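Have a look at model_29.csv; it's CSV, C-alpha atoms and all ligand atoms:
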```csv
chain,number,residue,atom,x,y,z
A,1,MET,CA,0.0,0.0,0.0
A,2,LYS,CA,1.7,3.2,-1.1
A,3,ASN,CA,1.3,6.5,0.8
A,4,ILE,CA,0.2,9.6,-1.2
A,5,VAL,CA,0.6,13.1,0.3
A,6,ILE,CA,-1.2,15.8,-1.6
A,7,LEU,CA,-0.2,19.5,-1.4
A,8,ILE,CA,-2.8,22.2,-2.0
A,9,SER,CA,-3.1,25.9,-1.6
A,10,GLY,CA,-6.9,26.5,-2.1
A,11,ARG,CA,-9.9,24.8,-3.6
A,12,GLY,CA,-8.4,21.4,-4.0
A,13,SER,CA,-10.7,20.1,-6.7
A,14,ASN,CA,-7.9,18.0,-8.2
A,15,MET,CA,-7.1,16.6,-4.8
A,16,GLU,CA,-10.8,15.6,-4.4
A,17,ALA,CA,-10.7,13.9,-7.8
A,18,ILE,CA,-7.6,11.9,-6.7
A,19,VAL,CA,-9.2,11.0,-3.3
A,20,GLU,CA,-12.4,9.8,-5.0
A,21,ALA,CA,-10.6,7.8,-7.7
A,22,CYS,CA,-8.2,6.2,-5.2
A,23,ALA,CA,-11.2,4.9,-3.2
A,24,SER,CA,-13.6,3.9,-6.0
A,25,GLU,CA,-10.9,2.3,-8.2
A,26,HIS,CA,-9.2,0.5,-5.3
A,27,TRP,CA,-5.7,1.7,-6.0
A,28,PRO,CA,-2.9,-0.1,-4.1
A,29,ALA,CA,-2.5,3.2,-2.3
A,30,ARG,CA,-4.1,5.6,0.2
A,31,VAL,CA,-4.1,9.3,0.6
A,32,ALA,CA,-2.1,9.6,3.8
A,33,ALA,CA,-2.4,13.3,4.2
A,34,VAL,CA,-3.4,16.6,2.6
A,35,VAL,CA,-1.0,19.5,3.4
A,36,SER,CA,-1.4,23.2,2.7
A,37,ASN,CA,0.5,26.4,3.0
A,38,LYS,CA,-2.8,28.0,4.0
A,39,ALA,CA,-4.7,26.9,7.0
A,40,GLU,CA,-7.9,28.4,5.4
A,41,ALA,CA,-7.6,26.3,2.2
A,42,THR,CA,-11.1,25.0,1.5
A,43,GLY,CA,-9.8,21.6,0.4
A,44,LEU,CA,-8.5,20.8,3.9
A,45,ARG,CA,-12.1,20.6,5.1
A,46,PHE,CA,-13.0,18.1,2.4
A,47,ALA,CA,-10.0,15.9,3.4
A,48,ALA,CA,-10.7,16.1,7.1
A,49,ASP,CA,-14.4,15.1,6.4
A,50,ARG,CA,-13.0,12.1,4.7
A,51,GLY,CA,-11.0,11.1,7.7
A,52,ILE,CA,-7.7,12.0,5.9
A,53,ALA,CA,-5.0,13.6,8.1
A,54,THR,CA,-4.4,17.3,7.3
A,55,ALA,CA,-1.6,19.8,8.1
A,56,SER,CA,-0.8,23.3,7.3
A,57,VAL,CA,2.6,25.1,7.2
A,58,ASP,CA,2.0,28.8,6.8
A,59,HIS,CA,4.8,30.2,4.5
A,60,ARG,CA,4.3,33.6,6.1
A,61,ARG,CA,5.8,32.4,9.3
A,62,PHE,CA,9.2,31.8,7.7
A,63,ASP,CA,11.9,34.4,6.8
A,64,THR,CA,13.3,32.4,3.9
A,65,ARG,CA,12.1,30.1,1.2
A,66,GLU,CA,14.7,27.5,2.5
A,67,ALA,CA,13.3,27.6,6.0
A,68,PHE,CA,9.7,27.2,4.8
A,69,ASP,CA,10.7,24.3,2.5
A,70,ALA,CA,12.6,22.5,5.3
A,71,GLU,CA,9.6,22.6,7.6
A,72,LEU,CA,7.3,21.6,4.7
A,73,ALA,CA,9.5,18.6,3.9
A,74,ARG,CA,9.7,17.6,7.6
A,75,THR,CA,5.9,17.7,7.8
A,76,ILE,CA,5.5,15.7,4.6
A,77,ASP,CA,8.1,13.1,5.7
A,78,GLY,CA,6.1,12.6,8.8
A,79,PHE,CA,3.5,10.8,6.6
A,80,ALA,CA,6.1,8.5,5.0
A,81,PRO,CA,5.1,9.4,1.4
A,82,ASP,CA,5.9,7.2,-1.6
A,83,LEU,CA,4.5,9.9,-3.8
A,84,VAL,CA,4.0,13.7,-3.3
A,85,VAL,CA,1.3,15.2,-5.4
A,86,LEU,CA,1.2,19.0,-6.0
A,87,ALA,CA,-2.4,19.9,-6.8
A,88,GLY,CA,-2.7,23.6,-7.1
A,89,PHE,CA,0.1,24.2,-4.7
A,90,MET,CA,1.1,27.7,-5.5
A,91,ARG,CA,4.6,28.0,-4.1
A,92,ILE,CA,7.9,28.0,-5.9
A,93,LEU,CA,10.0,25.2,-4.4
A,94,THR,CA,13.7,25.3,-3.6
A,95,GLU,CA,16.1,23.0,-5.3
A,96,SER,CA,16.9,21.1,-2.1
A,97,PHE,CA,13.2,20.4,-1.5
A,98,VAL,CA,12.7,19.2,-5.1
A,99,ARG,CA,15.8,17.0,-4.9
A,100,HIS,CA,14.6,15.4,-1.7
A,101,PHE,CA,11.4,14.2,-3.4
A,102,GLU,CA,12.8,13.8,-6.9
A,103,GLY,CA,11.3,10.9,-8.9
A,104,ARG,CA,8.4,10.7,-6.5
A,105,MET,CA,6.7,14.1,-6.9
A,106,LEU,CA,4.2,15.0,-9.5
A,107,ASN,CA,2.6,18.4,-10.5
A,108,ILE,CA,-0.3,19.4,-12.7
A,109,HIS,CA,0.1,22.6,-14.7
A,110,PRO,CA,-2.8,24.2,-16.6
A,111,SER,CA,-1.1,24.5,-20.0
A,112,LEU,CA,0.4,22.3,-22.7
A,113,LEU,CA,4.0,22.4,-21.5
A,114,PRO,CA,6.6,23.5,-22.5
A,115,ALA,CA,4.2,26.3,-23.6
A,116,PHE,CA,3.3,28.8,-20.9
A,117,PRO,CA,5.1,27.8,-17.7
A,118,GLY,CA,4.3,30.0,-14.8
A,119,LEU,CA,1.1,32.0,-14.1
A,120,HIS,CA,-1.9,33.3,-16.1
A,121,THR,CA,-1.6,30.4,-18.6
A,122,HIS,CA,-5.1,30.6,-19.9
A,123,GLN,CA,-4.9,34.4,-20.6
A,124,ARG,CA,-1.6,33.9,-22.3
A,125,ALA,CA,-2.9,31.1,-24.5
A,126,ILE,CA,-5.9,33.2,-25.6
A,127,GLU,CA,-3.6,36.2,-26.3
A,128,ALA,CA,-1.2,34.1,-28.3
A,129,GLY,CA,-4.1,33.0,-30.5
A,130,CYS,CA,-3.7,29.3,-29.6
A,131,LYS,CA,-6.4,27.0,-30.9
A,132,LEU,CA,-5.5,24.3,-28.4
A,133,ALA,CA,-5.0,24.6,-24.7
A,134,GLY,CA,-4.8,22.0,-21.9
A,135,ALA,CA,-3.0,20.7,-18.9
A,136,THR,CA,0.2,18.7,-18.2
A,137,VAL,CA,1.1,16.2,-15.5
A,138,HIS,CA,4.8,16.1,-15.0
A,139,PHE,CA,7.5,15.0,-12.6
A,140,VAL,CA,8.8,17.9,-10.7
A,141,THR,CA,12.4,19.0,-11.3
A,142,PRO,CA,14.1,22.1,-10.0
A,143,GLU,CA,13.3,24.2,-13.1
A,144,LEU,CA,9.7,25.5,-12.7
A,145,ASP,CA,7.1,23.6,-14.8
A,146,HIS,CA,9.8,21.7,-16.8
A,147,GLY,CA,10.0,18.1,-15.6
A,148,PRO,CA,9.4,14.9,-17.7
A,149,ILE,CA,5.9,14.8,-19.0
A,150,VAL,CA,3.7,12.0,-17.8
A,151,ALA,CA,0.4,12.9,-19.5
A,152,GLN,CA,-1.4,15.8,-21.2
A,153,THR,CA,-4.9,16.7,-22.0
A,154,ALA,CA,-6.0,19.0,-24.8
A,155,VAL,CA,-9.1,21.2,-25.2
A,156,PRO,CA,-10.1,23.6,-28.0
A,157,VAL,CA,-9.8,27.3,-27.4
A,158,LEU,CA,-13.1,28.9,-28.6
A,159,ALA,CA,-13.4,32.3,-30.3
A,160,ASP,CA,-15.3,33.8,-27.4
A,161,ASP,CA,-13.2,32.2,-24.6
A,162,THR,CA,-12.3,34.2,-21.5
A,163,PRO,CA,-9.5,33.0,-19.1
A,164,ASP,CA,-12.4,31.8,-16.8
A,165,SER,CA,-14.3,29.9,-19.5
A,166,LEU,CA,-11.1,28.3,-20.8
A,167,SER,CA,-9.9,27.5,-17.3
A,168,ALA,CA,-13.2,25.8,-16.5
A,169,ARG,CA,-13.0,23.6,-19.7
A,170,VAL,CA,-9.4,22.6,-18.9
A,171,LEU,CA,-10.3,21.9,-15.2
A,172,VAL,CA,-12.9,19.3,-16.3
A,173,GLN,CA,-10.1,17.5,-18.1
A,174,GLU,CA,-7.6,17.9,-15.2
A,175,HIS,CA,-10.0,15.9,-13.1
A,176,LEU,CA,-9.8,13.0,-15.5
A,177,LEU,CA,-6.1,13.3,-16.2
A,178,TYR,CA,-4.5,13.7,-12.8
A,179,PRO,CA,-6.1,10.7,-11.1
A,180,ARG,CA,-5.1,8.6,-14.0
A,181,ALA,CA,-1.4,9.7,-13.9
A,182,VAL,CA,-1.3,9.2,-10.1
A,183,ARG,CA,-2.7,5.7,-10.5
A,184,TRP,CA,0.0,4.9,-13.0
A,185,PHE,CA,2.6,5.9,-10.5
A,186,VAL,CA,1.2,3.9,-7.6
A,187,GLU,CA,0.7,0.9,-9.9
A,188,GLY,CA,4.4,1.2,-10.9
A,189,SER,CA,3.5,1.5,-14.6
A,190,LEU,CA,5.6,4.5,-15.5
A,191,ALA,CA,9.1,4.3,-16.9
A,192,ILE,CA,11.3,7.4,-17.1
A,193,ASN,CA,13.8,7.4,-19.9
A,194,GLY,CA,15.7,10.8,-19.7
A,195,HIS,CA,13.0,13.4,-20.4
A,196,ARG,CA,10.5,10.9,-21.8
A,197,VAL,CA,8.0,9.1,-19.6
A,198,GLU,CA,6.4,5.9,-20.9
A,199,GLN,CA,3.2,4.2,-19.7
A,200,THR,CA,4.3,0.6,-19.7
A,201,GLU,CA,0.7,-0.9,-19.9
A,202,GLY,CA,0.0,1.1,-23.1
A,203,GLU,CA,-2.7,3.4,-21.6
A,204,ALA,CA,-3.1,6.7,-23.5
A,205,GLN,CA,-0.9,9.5,-22.2
A,206,LEU,CA,-2.9,12.0,-24.2
A,207,LEU,CA,-6.6,12.8,-23.5
A,208,MET,CA,-8.5,14.9,-26.1
A,209,SER,CA,-11.5,16.8,-25.0
A,210,THR,CA,-14.7,15.9,-26.9
A,211,ALA,CA,-15.9,19.6,-26.6
A,212,THR,CA,-16.0,21.0,-30.1
A,213,PRO,CA,-15.8,24.6,-31.2
A,214,LYS,CA,-19.1,26.3,-32.0
A,215,PRO,CA,-19.7,26.6,-35.7
A,301,LIG,C1,-5.6,23.8,-11.3
A,301,LIG,O1,-6.1,24.3,-12.5
A,301,LIG,C2,-4.1,23.5,-11.5
A,301,LIG,O2,-3.8,23.0,-12.7
A,301,LIG,C3,-3.5,24.8,-11.2
A,301,LIG,O3,-4.2,25.4,-10.2
A,301,LIG,C4,-5.5,24.9,-10.2
A,301,LIG,C5,-5.9,24.3,-8.8
A,301,LIG,O4,-7.2,24.0,-8.7
A,301,LIG,N1,-2.1,24.7,-10.9
A,301,LIG,C6,-1.2,25.6,-11.1
A,301,LIG,O5,-1.4,26.7,-11.7
A,301,LIG,C7,0.2,25.3,-10.7
A,301,LIG,N2,1.2,26.1,-11.3
A,301,LIG,P1,-7.7,23.0,-7.6
A,301,LIG,O6,-7.2,23.6,-6.3
A,301,LIG,O7,-9.2,23.1,-7.6
A,301,LIG,O8,-7.2,21.6,-7.9
```

Would you mind writing the file out in structure tokens?
Amino acid sequence: MKNIVILISGRGSNMEAIVEACASEHWPARVAAVVSNKAEATGLRFAADRGIATASVDHRRFDTREAFDAELARTIDGFAPDLVVLAGFMRILTESFVRHFEGRMLNIHPSLLPAFPGLHTHQRAIEAGCKLAGATVHFVTPELDHGPIVAQTAVPVLADDTPDSLSARVLVQEHLLYPRAVRWFVEGSLAINGHRVEQTEGEAQLLMSTATPKP
């Protein structure tokens, strides 16, 4: 039974999708804890209601990024994680934190990486005239939003999209994509070859949204 620790900063809808899939699909894993940098993160309530351990480490209590990350790592290690899942965890992580969990830490980013790392991805995709947007699950490496890609989902960008409408369309897909990628990790069906990640059971690493542009 593998231990998953999920990190959130707010709503936690991806965390919810992972918790639900872990239980309903009987993964060889359990969500051991949900940890946030914000005590008021709404997702913590969902986790606690499910009987999942929760913890918060407020980044504002620390003078340096290094000190915060050291305490965060100590807190996570207390739950003996086999996998750390960043699910809307909105902090830039130090290299030593990332190295500590390297090869066992996943992130979801709301763009088709390597396009649009960083913030405001949906607005930037619309402004760039992209016809396709999406989300990427990747292993976390010290360079922000650049690790080996596990899976991607693509959705159309519609002519009248706003960042909010595009974000909502992508989020529906994130909830399908992230649990699938986490399941692959806990089942041991991912192989990393350099920057390429293969799904050894042959499951699709690309999800295409069925939403079609209006005529
Ligand atoms: C998700 O869209 C996720 O892709 C994004 O934050 C949202 C969190 O929503 N993550 C990032 O932007 C990380 N750079 P959630 O809290 O409801 O899962």

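Across the structure, atom CA of Arg91 of chain A and atom CA of Lys131 of chain A are spaced 29.0 Å apart.
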
Next item on the list: Please give me, as a VMD selection string, the residues lying within 9 Å of ligand LIG 301 (chain A) when counting only C-alpha atoms and all ligand atoms.
Entry: chain A and resid 8 to 17 41 to 43 86 to 92 107 to 111 117 to 121 135 to 137 144 to 145 167 to 168 170 to 171 174 to 175

Next item on the list: Excluding Ala204 of chain A and residues on its chain fewer than 6 positions from it, collect all residues at most 10 Å away from it, counting all atoms listed in the file, and give them as a ChimeraX atom specification.
Entry: /A:151-152,180,198

Item checked: Point-to-point distance from atom CA of Pro148 of chain A to atom CA of Arg104 of chain A, Å rounded to tenths ->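 Interatomic distance, atom CA of Pro148 of chain A to atom CA of Arg104 of chain A: 12.0 Å.
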
Notebook entry, point to check: For Ser189 of chain A, which residue out of A:Met1, A:Ala80, A:Val150, A:Ile18 is the nearest one, using all atoms listed in the file?
Noted result: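 Of A:Met1, A:Ala80, A:Val150, A:Ile18, the one nearest Ser189 of chain A, counting all atoms listed in the file, is A:Val150.
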
Notebook entry, point to check: Nearest to Asn193 of chain A among A:Leu44, A:Ala55, A:Ile149, A:Ala133, with distances taken over only C-alpha atoms: which residue is it?
Noted result: A:Ile149

Check: Suppose you want the space between atom CA of Pro81 of chain A and atom CA of Asn3 of chain A; what is it in Å?
Finding: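 Rounded to one decimal, the two atoms are 4.8 Å apart.
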
Next item on the list: Using all atoms listed in the file, pick whichever of A:Ile126, A:Gly103, A:Glu187, A:Tyr178 has the shortest atom-to-atom distance to Asp160 of chain A.
Entry: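 Under the stated criterion, the closest residue is A:Ile126.
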
Note to self: Nearest residue to Leu158 of chain A out of A:Pro179, A:Gly129, A:Pro142, A:Gly78, using all atoms listed in the file?
What the structure shows: A:Gly129

Next item on the list: Rank A:Arg61, A:Phe79, A:Ser24, A:Val5 by their smallest atom-to-atom distance to Ala47 of chain A, using all atoms listed in the file, and report the top residue only.
Entry: A:Val5

Note to self: With all atoms listed in the file as the counted atoms, please give the residues lying no more than 12 Å from Leu83 of chain A, apart from itself and same-chain residues fewer than 2 positions off, as a PyMOL selection string.
What the structure shows: chain A and resi 1-7+29-33+76-77+79-81+85-86+100-107+139-140+181-188

Taking N, CA, C and O atoms as the atom set, what does segment 185-210 of chain A look like once completed, written as a short mmCIF file (atom, residue, chain, number, x, y, z; two decimals), in the frame of the given file?
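result-v7.cif written:
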```
data_model
loop_
_atom_site.label_atom_id
_atom_site.label_comp_id
_atom_site.auth_asym_id
_atom_site.auth_seq_id
_atom_site.Cartn_x
_atom_site.Cartn_y
_atom_site.Cartn_z
N PHE A 185 1.46 5.91 -11.34
CA PHE A 185 2.60 5.90 -10.50
C PHE A 185 2.50 4.86 -9.38
O PHE A 185 3.42 4.08 -9.15
N VAL A 186 1.34 4.83 -8.71
CA VAL A 186 1.20 3.90 -7.60
C VAL A 186 1.16 2.44 -8.06
O VAL A 186 1.50 1.52 -7.31
N GLU A 187 0.72 2.24 -9.29
CA GLU A 187 0.70 0.90 -9.90
C GLU A 187 2.11 0.49 -10.38
O GLU A 187 2.31 -0.65 -10.80
N GLY A 188 3.02 1.44 -10.43
CA GLY A 188 4.40 1.20 -10.90
C GLY A 188 4.41 0.99 -12.44
O GLY A 188 5.28 0.27 -12.95
N SER A 189 3.51 1.66 -13.16
CA SER A 189 3.50 1.50 -14.60
C SER A 189 4.01 2.68 -15.38
O SER A 189 3.59 2.95 -16.50
N LEU A 190 4.94 3.41 -14.75
CA LEU A 190 5.60 4.50 -15.50
C LEU A 190 7.08 4.21 -15.55
O LEU A 190 7.68 3.74 -14.58
N ALA A 191 7.65 4.48 -16.71
CA ALA A 191 9.10 4.30 -16.90
C ALA A 191 9.65 5.65 -17.38
O ALA A 191 9.14 6.19 -18.37
N ILE A 192 10.65 6.18 -16.67
CA ILE A 192 11.30 7.40 -17.10
C ILE A 192 12.55 7.13 -17.84
O ILE A 192 13.45 6.49 -17.29
N ASN A 193 12.61 7.58 -19.09
CA ASN A 193 13.80 7.40 -19.90
C ASN A 193 14.29 8.84 -20.26
O ASN A 193 13.77 9.42 -21.20
N GLY A 194 15.24 9.38 -19.49
CA GLY A 194 15.70 10.80 -19.70
C GLY A 194 14.52 11.69 -19.50
O GLY A 194 13.95 11.73 -18.42
N HIS A 195 14.14 12.44 -20.55
CA HIS A 195 13.00 13.40 -20.40
C HIS A 195 11.71 12.76 -20.83
O HIS A 195 10.66 13.39 -20.75
N ARG A 196 11.74 11.52 -21.29
CA ARG A 196 10.50 10.90 -21.80
C ARG A 196 9.95 9.94 -20.72
O ARG A 196 10.70 9.20 -20.10
N VAL A 197 8.63 9.98 -20.56
CA VAL A 197 8.00 9.10 -19.60
C VAL A 197 7.06 8.15 -20.42
O VAL A 197 6.25 8.62 -21.22
N GLU A 198 7.21 6.84 -20.21
CA GLU A 198 6.40 5.90 -20.90
C GLU A 198 5.39 5.22 -19.94
O GLU A 198 5.76 4.94 -18.79
N GLN A 199 4.18 4.94 -20.44
CA GLN A 199 3.20 4.20 -19.70
C GLN A 199 3.34 2.75 -20.14
O GLN A 199 3.04 2.42 -21.29
N THR A 200 3.83 1.88 -19.24
CA THR A 200 4.30 0.60 -19.70
C THR A 200 3.10 -0.38 -20.02
O THR A 200 3.31 -1.42 -20.63
N GLU A 201 1.87 -0.02 -19.60
CA GLU A 201 0.70 -0.90 -19.90
C GLU A 201 0.03 -0.39 -21.22
O GLU A 201 -1.01 -0.93 -21.60
N GLY A 202 0.58 0.64 -21.82
CA GLY A 202 0.00 1.10 -23.10
C GLY A 202 -1.20 1.99 -22.98
O GLY A 202 -1.89 2.24 -23.97
N GLU A 203 -1.50 2.48 -21.76
CA GLU A 203 -2.70 3.40 -21.60
C GLU A 203 -2.32 4.75 -22.25
O GLU A 203 -1.16 5.18 -22.25
N ALA A 204 -3.36 5.44 -22.73
CA ALA A 204 -3.10 6.70 -23.50
C ALA A 204 -2.60 7.79 -22.54
O ALA A 204 -3.19 8.07 -21.49
N GLN A 205 -1.51 8.39 -22.96
CA GLN A 205 -0.90 9.50 -22.20
C GLN A 205 -1.41 10.85 -22.70
O GLN A 205 -0.98 11.89 -22.23
N LEU A 206 -2.31 10.81 -23.68
CA LEU A 206 -2.90 12.00 -24.20
C LEU A 206 -4.43 11.88 -24.17
O LEU A 206 -4.97 10.91 -24.72
N LEU A 207 -5.10 12.81 -23.51
CA LEU A 207 -6.60 12.80 -23.50
C LEU A 207 -7.00 14.02 -24.35
O LEU A 207 -6.51 15.13 -24.16
N MET A 208 -7.94 13.78 -25.28
CA MET A 208 -8.50 14.90 -26.10
C MET A 208 -9.89 15.15 -25.64
O MET A 208 -10.70 14.23 -25.59
N SER A 209 -10.19 16.40 -25.36
CA SER A 209 -11.50 16.80 -25.00
C SER A 209 -12.49 16.57 -26.13
O SER A 209 -12.15 16.85 -27.27
N THR A 210 -13.71 16.10 -25.82
CA THR A 210 -14.70 15.90 -26.90
C THR A 210 -15.43 17.23 -27.17
O THR A 210 -16.19 17.31 -28.13
#
```
